[in-house]
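Student: This is target_35.cif, which holds mmCIF, C-alpha atoms and all ligand atoms:
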```cif
data_start
loop_
_atom_site.group_PDB
_atom_site.id
_atom_site.type_symbol
_atom_site.label_atom_id
_atom_site.label_comp_id
_atom_site.auth_asym_id
_atom_site.auth_seq_id
_atom_site.Cartn_x
_atom_site.Cartn_y
_atom_site.Cartn_z
ATOM 1 C CA MET A 1 -19.127 5.721 -14.406
ATOM 2 C CA ALA A 2 -17.332 2.726 -12.889
ATOM 3 C CA LYS A 3 -17.995 2.240 -9.201
ATOM 4 C CA ILE A 4 -15.221 2.559 -6.603
ATOM 5 C CA PRO A 5 -14.322 -0.905 -5.264
ATOM 6 C CA LEU A 6 -14.308 -0.498 -1.485
ATOM 7 C CA ILE A 7 -13.373 -2.501 1.611
ATOM 8 C CA ILE A 8 -14.272 -1.244 5.084
ATOM 9 C CA ASP A 9 -12.072 -2.485 7.937
ATOM 10 C CA CYS A 10 -13.827 -1.534 11.150
ATOM 11 C CA ASP A 11 -14.484 -2.098 14.858
ATOM 12 C CA PRO A 12 -18.176 -1.165 15.345
ATOM 13 C CA GLY A 13 -18.432 1.010 17.347
ATOM 14 C CA HIS A 14 -21.225 3.588 16.924
ATOM 15 C CA ASP A 15 -19.480 5.801 14.383
ATOM 16 C CA ASP A 16 -18.188 2.757 12.481
ATOM 17 C CA ALA A 17 -21.813 1.645 12.157
ATOM 18 C CA ILE A 18 -22.762 5.044 10.711
ATOM 19 C CA ALA A 19 -19.762 4.869 8.359
ATOM 20 C CA LEU A 20 -21.067 1.506 7.124
ATOM 21 C CA MET A 21 -24.506 3.034 6.587
ATOM 22 C CA LEU A 22 -23.056 5.991 4.711
ATOM 23 C CA ALA A 23 -21.077 3.694 2.417
ATOM 24 C CA ALA A 24 -24.088 1.453 1.799
ATOM 25 C CA SER A 25 -26.236 4.480 1.002
ATOM 26 C CA ALA A 26 -23.998 5.332 -1.948
ATOM 27 C CA SER A 27 -24.553 2.131 -3.893
ATOM 28 C CA ASP A 28 -24.347 4.188 -7.094
ATOM 29 C CA LEU A 29 -20.751 5.137 -6.246
ATOM 30 C CA PHE A 30 -19.319 2.234 -4.221
ATOM 31 C CA ASP A 31 -18.960 -1.445 -4.957
ATOM 32 C CA ILE A 32 -18.475 -2.741 -1.407
ATOM 33 C CA LYS A 33 -16.394 -5.881 -1.768
ATOM 34 C CA ALA A 34 -16.044 -6.830 1.897
ATOM 35 C CA VAL A 35 -16.238 -5.702 5.487
ATOM 36 C CA THR A 36 -13.500 -6.856 7.843
ATOM 37 C CA THR A 37 -13.463 -6.415 11.595
ATOM 38 C CA VAL A 38 -10.811 -5.882 14.215
ATOM 39 C CA GLY A 39 -10.627 -5.659 17.991
ATOM 40 C CA GLY A 40 -10.725 -2.055 19.168
ATOM 41 C CA ALA A 41 -13.907 -0.404 20.379
ATOM 42 C CA GLN A 42 -14.569 -3.817 21.889
ATOM 43 C CA SER A 43 -13.220 -7.378 21.500
ATOM 44 C CA VAL A 44 -13.138 -8.690 17.957
ATOM 45 C CA ASP A 45 -15.877 -11.197 18.829
ATOM 46 C CA LYS A 46 -18.127 -8.270 19.665
ATOM 47 C CA THR A 47 -17.104 -6.038 16.743
ATOM 48 C CA TYR A 48 -17.606 -8.937 14.319
ATOM 49 C CA TYR A 49 -21.056 -9.616 15.751
ATOM 50 C CA ASN A 50 -21.859 -5.903 15.694
ATOM 51 C CA ALA A 51 -20.792 -5.490 12.071
ATOM 52 C CA ARG A 52 -23.024 -8.392 11.056
ATOM 53 C CA ARG A 53 -25.947 -6.926 13.000
ATOM 54 C CA VAL A 54 -25.467 -3.506 11.380
ATOM 55 C CA LEU A 55 -25.349 -5.042 7.897
ATOM 56 C CA ALA A 56 -28.542 -6.970 8.704
ATOM 57 C CA ALA A 57 -30.204 -3.679 9.676
ATOM 58 C CA ILE A 58 -29.029 -2.027 6.470
ATOM 59 C CA GLY A 59 -29.836 -5.058 4.317
ATOM 60 C CA LEU A 60 -26.325 -5.071 2.912
ATOM 61 C CA ASP A 61 -25.244 -8.507 1.738
ATOM 62 C CA VAL A 62 -21.442 -8.535 1.518
ATOM 63 C CA PRO A 63 -18.896 -10.889 3.113
ATOM 64 C CA VAL A 64 -17.955 -9.931 6.678
ATOM 65 C CA ALA A 65 -14.876 -11.515 8.218
ATOM 66 C CA ARG A 66 -13.457 -11.621 11.706
ATOM 67 C CA GLY A 67 -9.951 -10.210 11.979
ATOM 68 C CA ALA A 68 -7.255 -9.673 14.550
ATOM 69 C CA ALA A 69 -8.134 -10.029 18.212
ATOM 70 C CA GLN A 70 -4.928 -8.435 19.484
ATOM 71 C CA PRO A 71 -2.554 -5.726 18.275
ATOM 72 C CA MET A 72 0.531 -6.925 16.361
ATOM 73 C CA VAL A 73 2.973 -6.349 19.229
ATOM 74 C CA ARG A 74 1.222 -4.936 22.286
ATOM 75 C CA LYS A 75 -1.699 -5.751 24.522
ATOM 76 C CA ALA A 76 -5.152 -4.388 23.685
ATOM 77 C CA LEU A 77 -5.831 -0.999 25.262
ATOM 78 C CA GLY A 78 -9.249 -1.773 26.735
ATOM 79 C CA GLY A 79 -11.244 0.794 28.670
ATOM 80 C CA THR A 80 -13.496 1.592 25.712
ATOM 81 C CA GLU A 81 -16.748 0.866 27.594
ATOM 82 C CA ILE A 82 -16.917 4.508 28.600
ATOM 83 C CA VAL A 83 -17.354 5.402 24.911
ATOM 84 C CA HIS A 84 -19.146 2.467 23.278
ATOM 85 C CA GLY A 85 -20.597 0.471 26.224
ATOM 86 C CA GLN A 86 -20.103 -3.200 27.110
ATOM 87 C CA SER A 87 -21.357 -4.463 23.756
ATOM 88 C CA GLY A 88 -19.349 -1.963 21.735
ATOM 89 C CA LEU A 89 -22.652 -0.791 20.301
ATOM 90 C CA ASP A 90 -24.800 -0.033 23.338
ATOM 91 C CA GLY A 91 -28.043 1.878 22.892
ATOM 92 C CA PRO A 92 -30.310 0.903 20.010
ATOM 93 C CA ALA A 93 -31.877 -2.491 19.422
ATOM 94 C CA LEU A 94 -30.307 -4.230 16.434
ATOM 95 C CA PRO A 95 -31.413 -7.309 14.485
ATOM 96 C CA GLU A 96 -29.492 -10.568 14.723
ATOM 97 C CA PRO A 97 -26.980 -11.321 11.949
ATOM 98 C CA GLU A 98 -28.340 -12.813 8.746
ATOM 99 C CA GLY A 99 -26.834 -15.716 6.810
ATOM 100 C CA GLU A 100 -23.942 -17.957 7.703
ATOM 101 C CA PRO A 101 -20.722 -16.551 9.193
ATOM 102 C CA CYS A 102 -17.921 -16.109 6.660
ATOM 103 C CA PRO A 103 -15.579 -19.136 6.825
ATOM 104 C CA LEU A 104 -12.579 -16.938 6.010
ATOM 105 C CA THR A 105 -10.541 -14.827 8.395
ATOM 106 C CA ALA A 106 -10.203 -11.132 7.597
ATOM 107 C CA PHE A 107 -6.693 -11.776 6.302
ATOM 108 C CA GLU A 108 -7.936 -14.549 4.021
ATOM 109 C CA LEU A 109 -10.869 -12.483 2.763
ATOM 110 C CA LEU A 110 -8.680 -9.436 2.110
ATOM 111 C CA CYS A 111 -6.238 -11.583 0.134
ATOM 112 C CA GLN A 112 -9.045 -13.222 -1.818
ATOM 113 C CA VAL A 113 -10.686 -9.929 -2.762
ATOM 114 C CA LEU A 114 -7.404 -8.264 -3.689
ATOM 115 C CA GLU A 115 -6.217 -11.248 -5.722
ATOM 116 C CA GLU A 116 -9.483 -11.294 -7.694
ATOM 117 C CA VAL A 117 -9.974 -7.597 -8.472
ATOM 118 C CA GLU A 118 -8.648 -5.981 -11.617
ATOM 119 C CA GLU A 119 -9.289 -2.401 -10.483
ATOM 120 C CA PRO A 120 -7.287 -1.421 -7.350
ATOM 121 C CA VAL A 121 -9.440 -1.171 -4.234
ATOM 122 C CA THR A 122 -9.922 1.709 -1.790
ATOM 123 C CA ILE A 123 -9.739 0.569 1.841
ATOM 124 C CA CYS A 124 -11.319 2.505 4.718
ATOM 125 C CA PRO A 125 -9.826 1.453 8.071
ATOM 126 C CA THR A 126 -11.956 2.932 10.861
ATOM 127 C CA GLY A 127 -10.485 0.984 13.766
ATOM 128 C CA PRO A 128 -7.005 -0.062 14.908
ATOM 129 C CA MET A 129 -4.936 -0.919 11.826
ATOM 130 C CA THR A 130 -3.907 -4.437 12.832
ATOM 131 C CA ASN A 131 -5.569 -6.214 9.890
ATOM 132 C CA MET A 132 -3.898 -3.782 7.509
ATOM 133 C CA GLY A 133 -0.492 -4.175 9.165
ATOM 134 C CA ILE A 134 -0.699 -7.959 8.887
ATOM 135 C CA LEU A 135 -1.874 -7.796 5.266
ATOM 136 C CA LEU A 136 0.884 -5.412 4.178
ATOM 137 C CA ALA A 137 3.583 -7.287 6.116
ATOM 138 C CA VAL A 138 2.625 -10.758 4.922
ATOM 139 C CA ARG A 139 1.467 -9.981 1.366
ATOM 140 C CA PRO A 140 3.390 -6.920 0.121
ATOM 141 C CA ASP A 141 2.747 -8.213 -3.415
ATOM 142 C CA LEU A 142 -0.898 -7.135 -2.976
ATOM 143 C CA LYS A 143 0.005 -3.468 -2.427
ATOM 144 C CA LYS A 144 -0.479 -2.855 -6.130
ATOM 145 C CA LYS A 145 -4.121 -3.868 -5.696
ATOM 146 C CA ILE A 146 -4.738 -1.104 -3.125
ATOM 147 C CA LYS A 147 -5.456 2.276 -4.703
ATOM 148 C CA GLN A 148 -5.546 4.226 -1.439
ATOM 149 C CA PHE A 149 -6.412 4.141 2.233
ATOM 150 C CA SER A 150 -8.992 6.587 3.549
ATOM 151 C CA ILE A 151 -8.449 6.167 7.270
ATOM 152 C CA MET A 152 -9.925 7.495 10.468
ATOM 153 C CA GLY A 153 -7.025 7.885 12.830
ATOM 154 C CA GLY A 154 -4.483 10.235 14.291
ATOM 155 C CA GLY A 155 -4.468 13.962 14.687
ATOM 156 C CA PHE A 156 -2.076 16.834 14.168
ATOM 157 C CA TYR A 157 -2.988 19.046 17.102
ATOM 158 C CA MET A 158 -4.404 16.649 19.659
ATOM 159 C CA GLY A 159 -4.959 13.191 21.033
ATOM 160 C CA ASN A 160 -8.131 11.718 22.480
ATOM 161 C CA TRP A 161 -6.796 8.635 24.277
ATOM 162 C CA THR A 162 -3.628 10.259 25.571
ATOM 163 C CA ALA A 163 -2.563 13.884 25.359
ATOM 164 C CA ALA A 164 -0.713 13.039 22.141
ATOM 165 C CA ALA A 165 -2.432 10.043 20.544
ATOM 166 C CA GLU A 166 -5.732 9.180 18.950
ATOM 167 C CA PHE A 167 -7.296 5.821 19.866
ATOM 168 C CA ASN A 168 -7.067 3.957 16.520
ATOM 169 C CA ILE A 169 -3.364 4.680 16.146
ATOM 170 C CA LEU A 170 -2.458 4.194 19.809
ATOM 171 C CA ALA A 171 -4.316 0.858 19.856
ATOM 172 C CA ASP A 172 -1.765 -0.605 17.428
ATOM 173 C CA PRO A 173 1.008 1.858 16.581
ATOM 174 C CA GLU A 174 3.230 -0.762 14.924
ATOM 175 C CA ALA A 175 0.436 -1.714 12.515
ATOM 176 C CA ALA A 176 -0.298 1.944 11.802
ATOM 177 C CA LYS A 177 3.399 2.501 11.082
ATOM 178 C CA ILE A 178 3.369 -0.289 8.488
ATOM 179 C CA LEU A 179 0.360 1.336 6.815
ATOM 180 C CA PHE A 180 1.809 4.856 6.893
ATOM 181 C CA ASP A 181 5.173 3.631 5.568
ATOM 182 C CA SER A 182 3.585 1.479 2.843
ATOM 183 C CA GLY A 183 3.914 3.947 -0.024
ATOM 184 C CA ILE A 184 0.189 3.593 -0.740
ATOM 185 C CA PRO A 185 -1.657 6.964 -0.854
ATOM 186 C CA ILE A 186 -3.327 7.800 2.466
ATOM 187 C CA ILE A 187 -6.135 10.233 3.249
ATOM 188 C CA MET A 188 -6.130 10.849 6.986
ATOM 189 C CA SER A 189 -9.321 11.883 8.731
ATOM 190 C CA GLY A 190 -7.739 12.649 12.072
ATOM 191 C CA LEU A 191 -9.159 14.452 15.066
ATOM 192 C CA ASP A 192 -8.354 17.852 13.508
ATOM 193 C CA VAL A 193 -11.160 17.307 11.020
ATOM 194 C CA THR A 194 -13.390 14.782 12.804
ATOM 195 C CA HIS A 195 -13.888 17.120 15.768
ATOM 196 C CA LYS A 196 -15.341 19.576 13.236
ATOM 197 C CA ALA A 197 -17.640 16.885 11.805
ATOM 198 C CA TYR A 198 -20.128 16.903 14.639
ATOM 199 C CA VAL A 199 -23.897 16.646 14.758
ATOM 200 C CA THR A 200 -25.858 18.755 17.242
ATOM 201 C CA ARG A 201 -28.930 17.510 19.125
ATOM 202 C CA GLU A 202 -31.165 19.541 16.832
ATOM 203 C CA GLU A 203 -29.515 18.124 13.706
ATOM 204 C CA ASN A 204 -29.869 14.616 15.097
ATOM 205 C CA GLU A 205 -33.618 15.199 15.423
ATOM 206 C CA VAL A 206 -33.739 16.186 11.735
ATOM 207 C CA LEU A 207 -31.932 12.939 10.896
ATOM 208 C CA ARG A 208 -34.413 10.960 13.025
ATOM 209 C CA GLN A 209 -37.307 12.688 11.279
ATOM 210 C CA ASN A 210 -36.178 11.176 7.978
ATOM 211 C CA GLY A 211 -38.288 8.370 9.430
ATOM 212 C CA ASN A 212 -36.694 5.426 7.622
ATOM 213 C CA ARG A 213 -35.360 2.602 9.768
ATOM 214 C CA CYS A 214 -31.668 3.304 9.163
ATOM 215 C CA SER A 215 -31.923 7.040 9.834
ATOM 216 C CA VAL A 216 -33.726 6.305 13.090
ATOM 217 C CA LEU A 217 -31.060 3.732 13.974
ATOM 218 C CA ALA A 218 -28.285 6.232 13.214
ATOM 219 C CA ALA A 219 -30.019 8.843 15.395
ATOM 220 C CA GLU A 220 -30.244 6.311 18.229
ATOM 221 C CA LEU A 221 -26.555 5.456 17.820
ATOM 222 C CA ILE A 222 -25.790 9.175 18.030
ATOM 223 C CA ASP A 223 -27.987 9.494 21.150
ATOM 224 C CA TYR A 224 -25.729 6.995 22.937
ATOM 225 C CA PHE A 225 -22.371 7.980 21.404
ATOM 226 C CA SER A 226 -22.920 11.709 22.012
ATOM 227 C CA ARG A 227 -23.038 11.250 25.776
ATOM 228 C CA TYR A 228 -19.252 10.765 25.835
ATOM 229 C CA HIS A 229 -18.714 13.816 23.660
ATOM 230 C CA TYR A 230 -20.978 16.080 25.704
ATOM 231 C CA GLU A 231 -20.193 14.808 29.202
ATOM 232 C CA VAL A 232 -16.512 13.801 29.031
ATOM 233 C CA GLU A 233 -15.022 15.745 26.118
ATOM 234 C CA LYS A 234 -17.314 18.773 26.528
ATOM 235 C CA LEU A 235 -17.714 19.097 22.755
ATOM 236 C CA PRO A 236 -20.550 20.972 20.998
ATOM 237 C CA GLY A 237 -22.041 17.852 19.392
ATOM 238 C CA CYS A 238 -21.601 14.174 18.559
ATOM 239 C CA THR A 239 -18.273 13.753 16.833
ATOM 240 C CA LEU A 240 -18.690 11.485 13.794
ATOM 241 C CA HIS A 241 -15.095 10.357 13.391
ATOM 242 C CA ASP A 242 -15.401 7.287 11.185
ATOM 243 C CA PRO A 243 -18.006 8.579 8.703
ATOM 244 C CA CYS A 244 -15.445 11.222 7.645
ATOM 245 C CA ALA A 245 -13.298 8.515 6.031
ATOM 246 C CA VAL A 246 -16.268 7.531 3.829
ATOM 247 C CA ALA A 247 -17.667 11.049 3.375
ATOM 248 C CA TYR A 248 -14.373 12.223 1.890
ATOM 249 C CA LEU A 249 -14.742 9.634 -0.889
ATOM 250 C CA LEU A 250 -18.307 10.796 -1.516
ATOM 251 C CA ALA A 251 -17.706 14.540 -1.400
ATOM 252 C CA PRO A 252 -14.001 15.481 -1.286
ATOM 253 C CA GLU A 253 -14.903 19.080 -2.128
ATOM 254 C CA ILE A 254 -16.373 19.671 1.352
ATOM 255 C CA PHE A 255 -13.035 18.822 3.029
ATOM 256 C CA SER A 256 -9.769 20.769 3.219
ATOM 257 C CA GLY A 257 -6.468 18.924 3.371
ATOM 258 C CA LYS A 258 -2.740 19.351 2.964
ATOM 259 C CA PRO A 259 -0.244 16.762 1.682
ATOM 260 C CA CYS A 260 2.353 16.179 4.414
ATOM 261 C CA HIS A 261 4.914 13.660 5.539
ATOM 262 C CA VAL A 262 3.518 11.768 8.534
ATOM 263 C CA GLU A 263 5.340 9.347 10.834
ATOM 264 C CA ILE A 264 3.931 7.185 13.602
ATOM 265 C CA ASP A 265 5.710 7.379 16.939
ATOM 266 C CA VAL A 266 6.179 3.788 18.123
ATOM 267 C CA ASP A 267 8.496 4.385 21.059
ATOM 268 C CA GLY A 268 7.832 7.819 22.551
ATOM 269 C CA THR A 269 7.575 8.120 26.304
ATOM 270 C CA TYR A 270 4.871 10.784 26.110
ATOM 271 C CA THR A 271 3.912 10.593 22.436
ATOM 272 C CA LEU A 272 3.476 6.872 21.739
ATOM 273 C CA GLY A 273 0.979 6.466 18.887
ATOM 274 C CA LYS A 274 1.141 10.077 17.777
ATOM 275 C CA THR A 275 0.837 10.877 14.082
ATOM 276 C CA VAL A 276 3.783 13.265 13.729
ATOM 277 C CA VAL A 277 2.738 15.601 10.908
ATOM 278 C CA ASP A 278 5.508 17.515 9.121
ATOM 279 C CA TRP A 279 3.232 20.459 8.289
ATOM 280 C CA PHE A 280 6.012 22.819 7.149
ATOM 281 C CA GLY A 281 8.150 20.205 5.368
ATOM 282 C CA HIS A 282 11.060 20.285 7.820
ATOM 283 C CA THR A 283 12.116 16.720 7.029
ATOM 284 C CA GLY A 284 12.042 17.081 3.258
ATOM 285 C CA LYS A 285 10.555 13.576 3.188
ATOM 286 C CA GLU A 286 7.903 12.377 0.773
ATOM 287 C CA LYS A 287 4.394 13.715 1.429
ATOM 288 C CA ASN A 288 2.792 10.347 2.111
ATOM 289 C CA VAL A 289 -0.520 11.548 3.566
ATOM 290 C CA LEU A 290 -3.279 13.975 2.662
ATOM 291 C CA VAL A 291 -3.974 15.371 6.130
ATOM 292 C CA LEU A 292 -7.578 16.579 6.328
ATOM 293 C CA TYR A 293 -7.937 19.503 8.707
ATOM 294 C CA ASP A 294 -11.322 21.084 7.981
ATOM 295 C CA VAL A 295 -14.791 20.248 6.731
ATOM 296 C CA ASN A 296 -17.773 22.329 5.704
ATOM 297 C CA ARG A 297 -19.850 21.116 8.662
ATOM 298 C CA PRO A 298 -23.331 22.068 7.376
ATOM 299 C CA ALA A 299 -22.516 20.310 4.086
ATOM 300 C CA PHE A 300 -21.306 17.238 6.001
ATOM 301 C CA VAL A 301 -24.489 17.060 8.076
ATOM 302 C CA LYS A 302 -26.620 17.591 4.949
ATOM 303 C CA LEU A 303 -24.745 14.834 3.111
ATOM 304 C CA LEU A 304 -25.219 12.420 6.003
ATOM 305 C CA THR A 305 -28.905 13.256 6.435
ATOM 306 C CA GLU A 306 -29.699 12.975 2.734
ATOM 307 C CA GLN A 307 -27.659 9.831 2.161
ATOM 308 C CA LEU A 308 -29.108 7.902 5.107
ATOM 309 C CA ALA A 309 -32.625 8.741 3.878
ATOM 310 C CA ARG A 310 -31.817 6.562 0.863
ATOM 311 C CA LEU A 311 -31.523 3.434 3.006
ATOM 312 C CA ARG A 312 -34.415 1.292 4.135
HETATM 313 O O1 LIG B 401 -10.706 8.043 18.071
HETATM 314 C C1 LIG B 401 -11.861 7.786 17.354
HETATM 315 C C2 LIG B 401 -11.960 6.315 16.988
HETATM 316 O O2 LIG B 401 -12.094 5.548 18.162
HETATM 317 C C3 LIG B 401 -13.145 5.992 16.124
HETATM 318 O O3 LIG B 401 -12.775 5.032 15.157
HETATM 319 C C4 LIG B 401 -14.190 5.509 17.089
HETATM 320 O O4 LIG B 401 -14.939 4.431 16.554
HETATM 321 C C5 LIG B 401 -13.453 5.212 18.382
HETATM 322 O O5 LIG B 401 -13.539 3.927 18.854
HETATM 323 CA CA CA B 402 -13.934 2.945 14.948
#
```
Starting from the file, give its structure as structure tokens.
Tutor:
Amino acid sequence: MAKIPLIIDCDPGHDDAIALMLAASASDLFDIKAVTTVGGAQSVDKTYYNARRVLAAIGLDVPVARGAAQPMVRKALGGTEIVHGQSGLDGPALPEPEGEPCPLTAFELLCQVLEEVEEPVTICPTGPMTNMGILLAVRPDLKKKIKQFSIMGGGFYMGNWTAAAEFNILADPEAAKILFDSGIPIIMSGLDVTHKAYVTREENEVLRQNGNRCSVLAAELIDYFSRYHYEVEKLPGCTLHDPCAVAYLLAPEIFSGKPCHVEIDVDGTYTLGKTVVDWFGHTGKEKNVLVLYDVNRPAFVKLLTEQLARLR
């Protein structure tokens, strides 16, 4: 079977790092063409460095490019240290990046990959969608080379950075709007589903006991990341937002979703950055997004634990 050509656009970020590991673990399914980085969980200098360190830990040799430092229109949100620490990836020790930095910007690398491929590519944005907004605005001719977006962002019932908005969308709502309005199929792993994709302390110990370097690293990332979920959000486990966007591609049967029309609020007083989901079809507009709302949690944890055991 032909592999799925994949690009991951991320802001590592603890759960981004685990999403990268999950994608790399499925080398039989994915042909990872590139990793691009964006400012979000920390500055783009830090997320770029973090992505390169994570790929060094995994032993994944694909081009990694530095993307947008600032949102398309607004100022960066900031304040993410409470979740990801000063480095954006506080907690575990990571190796230094391997190889030379990519001479291309994320925009240039995205264009290069999309121009070269024959088979349309799946893109997983797991951070603010600035790189995607720029790509789609500047090179709409390349839309035909994008099969689908499997994103982590948004939420139907809740926000996590304001009462209404999820961080990745709020961080650059104008870019998210370009992506959501693009006409390209979108699978949305929003907070409705990602808050159900959590790992308990006991399950994290099982992951650690896999014993391989990457499983231990993932467990250590979860040790740090879970503090925010337990102490601030009072959730029952470590919420693995970004891995959902990859896990859906690996095992869509463990997720439940509904096609809906979704708009991004770019000027609301109280709802800026909200993904407005037309669940009941009031607008009659095209169902542009598969909104994931549930996951078989034991199957998700099993998938993660088994897949990460395949890494070094
Ligand atoms: O709201 C969850 C998102 O913000 C995830 O992408 C996570 O990495 C965090 O920074
Ligand atoms: Ca992220």
Student: To check your reading of the model: which residues sit at most 8 Å from ligand LIG 401 (chain B) when counting all atoms listed in the file? Write the answer as a list in words.
Tutor: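 The distance check yields Cys10, Asp11, Pro12, Gly13, His14, Asp15, Asp16, Gly40, Ala41, Thr80, Val83, His84, Thr126, Gly127, Pro128, Met152, Gly153, Gly154, Asn160, Trp161, Glu166, Phe167, Asn168, Leu191, His241 and Asp242 of chain A.
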Student: Pick the closest to ligand CA 402 (chain B) from A:Pro243, A:Gly67, A:Gly91, A:Pro101: which is it, counting all atoms listed in the file?
Tutor: A:Pro243
Student: Using the chain letters and numbers from this file, what does the PyMOL selection byres (((chain A and resi 43-46) around 10) and not hetatm) select? Give the answer as a PDB file with C-alpha atoms, in the frame of the given file.
Tutor:
```pdb
ATOM      1  CA  CYS A  10     -13.827  -1.534  11.150  1.00  0.00           C
ATOM      2  CA  ASP A  11     -14.484  -2.098  14.858  1.00  0.00           C
ATOM      3  CA  PRO A  12     -18.176  -1.165  15.345  1.00  0.00           C
ATOM      4  CA  GLY A  13     -18.432   1.010  17.347  1.00  0.00           C
ATOM      5  CA  THR A  37     -13.463  -6.415  11.595  1.00  0.00           C
ATOM      6  CA  VAL A  38     -10.811  -5.882  14.215  1.00  0.00           C
ATOM      7  CA  GLY A  39     -10.627  -5.659  17.991  1.00  0.00           C
ATOM      8  CA  GLY A  40     -10.725  -2.055  19.168  1.00  0.00           C
ATOM      9  CA  ALA A  41     -13.907  -0.404  20.379  1.00  0.00           C
ATOM     10  CA  GLN A  42     -14.569  -3.817  21.889  1.00  0.00           C
ATOM     11  CA  THR A  47     -17.104  -6.038  16.743  1.00  0.00           C
ATOM     12  CA  TYR A  48     -17.606  -8.937  14.319  1.00  0.00           C
ATOM     13  CA  TYR A  49     -21.056  -9.616  15.751  1.00  0.00           C
ATOM     14  CA  ASN A  50     -21.859  -5.903  15.694  1.00  0.00           C
ATOM     15  CA  ALA A  51     -20.792  -5.490  12.071  1.00  0.00           C
ATOM     16  CA  ARG A  52     -23.024  -8.392  11.056  1.00  0.00           C
ATOM     17  CA  ARG A  66     -13.457 -11.621  11.706  1.00  0.00           C
ATOM     18  CA  GLY A  67      -9.951 -10.210  11.979  1.00  0.00           C
ATOM     19  CA  ALA A  68      -7.255  -9.673  14.550  1.00  0.00           C
ATOM     20  CA  ALA A  69      -8.134 -10.029  18.212  1.00  0.00           C
ATOM     21  CA  GLN A  70      -4.928  -8.435  19.484  1.00  0.00           C
ATOM     22  CA  ALA A  76      -5.152  -4.388  23.685  1.00  0.00           C
ATOM     23  CA  GLY A  78      -9.249  -1.773  26.735  1.00  0.00           C
ATOM     24  CA  THR A  80     -13.496   1.592  25.712  1.00  0.00           C
ATOM     25  CA  GLN A  86     -20.103  -3.200  27.110  1.00  0.00           C
ATOM     26  CA  SER A  87     -21.357  -4.463  23.756  1.00  0.00           C
ATOM     27  CA  GLY A  88     -19.349  -1.963  21.735  1.00  0.00           C
ATOM     28  CA  LEU A  89     -22.652  -0.791  20.301  1.00  0.00           C
TER      29      LEU A  89
END
```
Student: To verify the selection step, state as a list in words which residues the PyMOL selection byres (((chain A and resi 212) around 12) and not hetatm) yields on this input.
Tutor: Ala57, Ile58, Val206, Leu207, Arg208, Gln209, Asn210, Gly211, Arg213, Cys214, Ser215, Val216, Leu217, Ala218, Ala219, Thr305, Glu306, Gln307, Leu308, Ala309, Arg310, Leu311 and Arg312 of chain A
Student: Next, write the just-selected residues to a file, as a compact mmCIF listing (two decimals), in the coordinates of the input, keeping C-alpha atoms as the atom set.
Tutor:
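Output file again.txt follows:
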```txt
# COMPACT_ATOMS: atom_id res chain seq x y z
CA ALA A 57 -30.20 -3.68 9.68
CA ILE A 58 -29.03 -2.03 6.47
CA VAL A 206 -33.74 16.19 11.74
CA LEU A 207 -31.93 12.94 10.90
CA ARG A 208 -34.41 10.96 13.02
CA GLN A 209 -37.31 12.69 11.28
CA ASN A 210 -36.18 11.18 7.98
CA GLY A 211 -38.29 8.37 9.43
CA ARG A 213 -35.36 2.60 9.77
CA CYS A 214 -31.67 3.30 9.16
CA SER A 215 -31.92 7.04 9.83
CA VAL A 216 -33.73 6.30 13.09
CA LEU A 217 -31.06 3.73 13.97
CA ALA A 218 -28.28 6.23 13.21
CA ALA A 219 -30.02 8.84 15.40
CA THR A 305 -28.90 13.26 6.44
CA GLU A 306 -29.70 12.98 2.73
CA GLN A 307 -27.66 9.83 2.16
CA LEU A 308 -29.11 7.90 5.11
CA ALA A 309 -32.62 8.74 3.88
CA ARG A 310 -31.82 6.56 0.86
CA LEU A 311 -31.52 3.43 3.01
CA ARG A 312 -34.42 1.29 4.14
```
Student: Extract, using only C-alpha atoms, all DNA, RNA and protein residues at most 12 Å from Gly155 in chain A, discarding same-chain residues fewer than 2 positions from it, and format them as a ChimeraX atom specification.
Tutor: /A:151-153,157-170,188-195,241,262-264,271,273-279,291-294
Student: Can I get the selection written as a short mmCIF file (atom, residue, chain, number, x, y, z; two decimals), in the frame of the given file, with C-alpha atoms?
Tutor:
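See part37.cif below for the written result:
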```cif
data_model
loop_
_atom_site.label_atom_id
_atom_site.label_comp_id
_atom_site.auth_asym_id
_atom_site.auth_seq_id
_atom_site.Cartn_x
_atom_site.Cartn_y
_atom_site.Cartn_z
CA ILE A 151 -8.45 6.17 7.27
CA MET A 152 -9.93 7.50 10.47
CA GLY A 153 -7.02 7.88 12.83
CA TYR A 157 -2.99 19.05 17.10
CA MET A 158 -4.40 16.65 19.66
CA GLY A 159 -4.96 13.19 21.03
CA ASN A 160 -8.13 11.72 22.48
CA TRP A 161 -6.80 8.64 24.28
CA THR A 162 -3.63 10.26 25.57
CA ALA A 163 -2.56 13.88 25.36
CA ALA A 164 -0.71 13.04 22.14
CA ALA A 165 -2.43 10.04 20.54
CA GLU A 166 -5.73 9.18 18.95
CA PHE A 167 -7.30 5.82 19.87
CA ASN A 168 -7.07 3.96 16.52
CA ILE A 169 -3.36 4.68 16.15
CA LEU A 170 -2.46 4.19 19.81
CA MET A 188 -6.13 10.85 6.99
CA SER A 189 -9.32 11.88 8.73
CA GLY A 190 -7.74 12.65 12.07
CA LEU A 191 -9.16 14.45 15.07
CA ASP A 192 -8.35 17.85 13.51
CA VAL A 193 -11.16 17.31 11.02
CA THR A 194 -13.39 14.78 12.80
CA HIS A 195 -13.89 17.12 15.77
CA HIS A 241 -15.10 10.36 13.39
CA VAL A 262 3.52 11.77 8.53
CA GLU A 263 5.34 9.35 10.83
CA ILE A 264 3.93 7.18 13.60
CA THR A 271 3.91 10.59 22.44
CA GLY A 273 0.98 6.47 18.89
CA LYS A 274 1.14 10.08 17.78
CA THR A 275 0.84 10.88 14.08
CA VAL A 276 3.78 13.26 13.73
CA VAL A 277 2.74 15.60 10.91
CA ASP A 278 5.51 17.52 9.12
CA TRP A 279 3.23 20.46 8.29
CA VAL A 291 -3.97 15.37 6.13
CA LEU A 292 -7.58 16.58 6.33
CA TYR A 293 -7.94 19.50 8.71
CA ASP A 294 -11.32 21.08 7.98
#
```
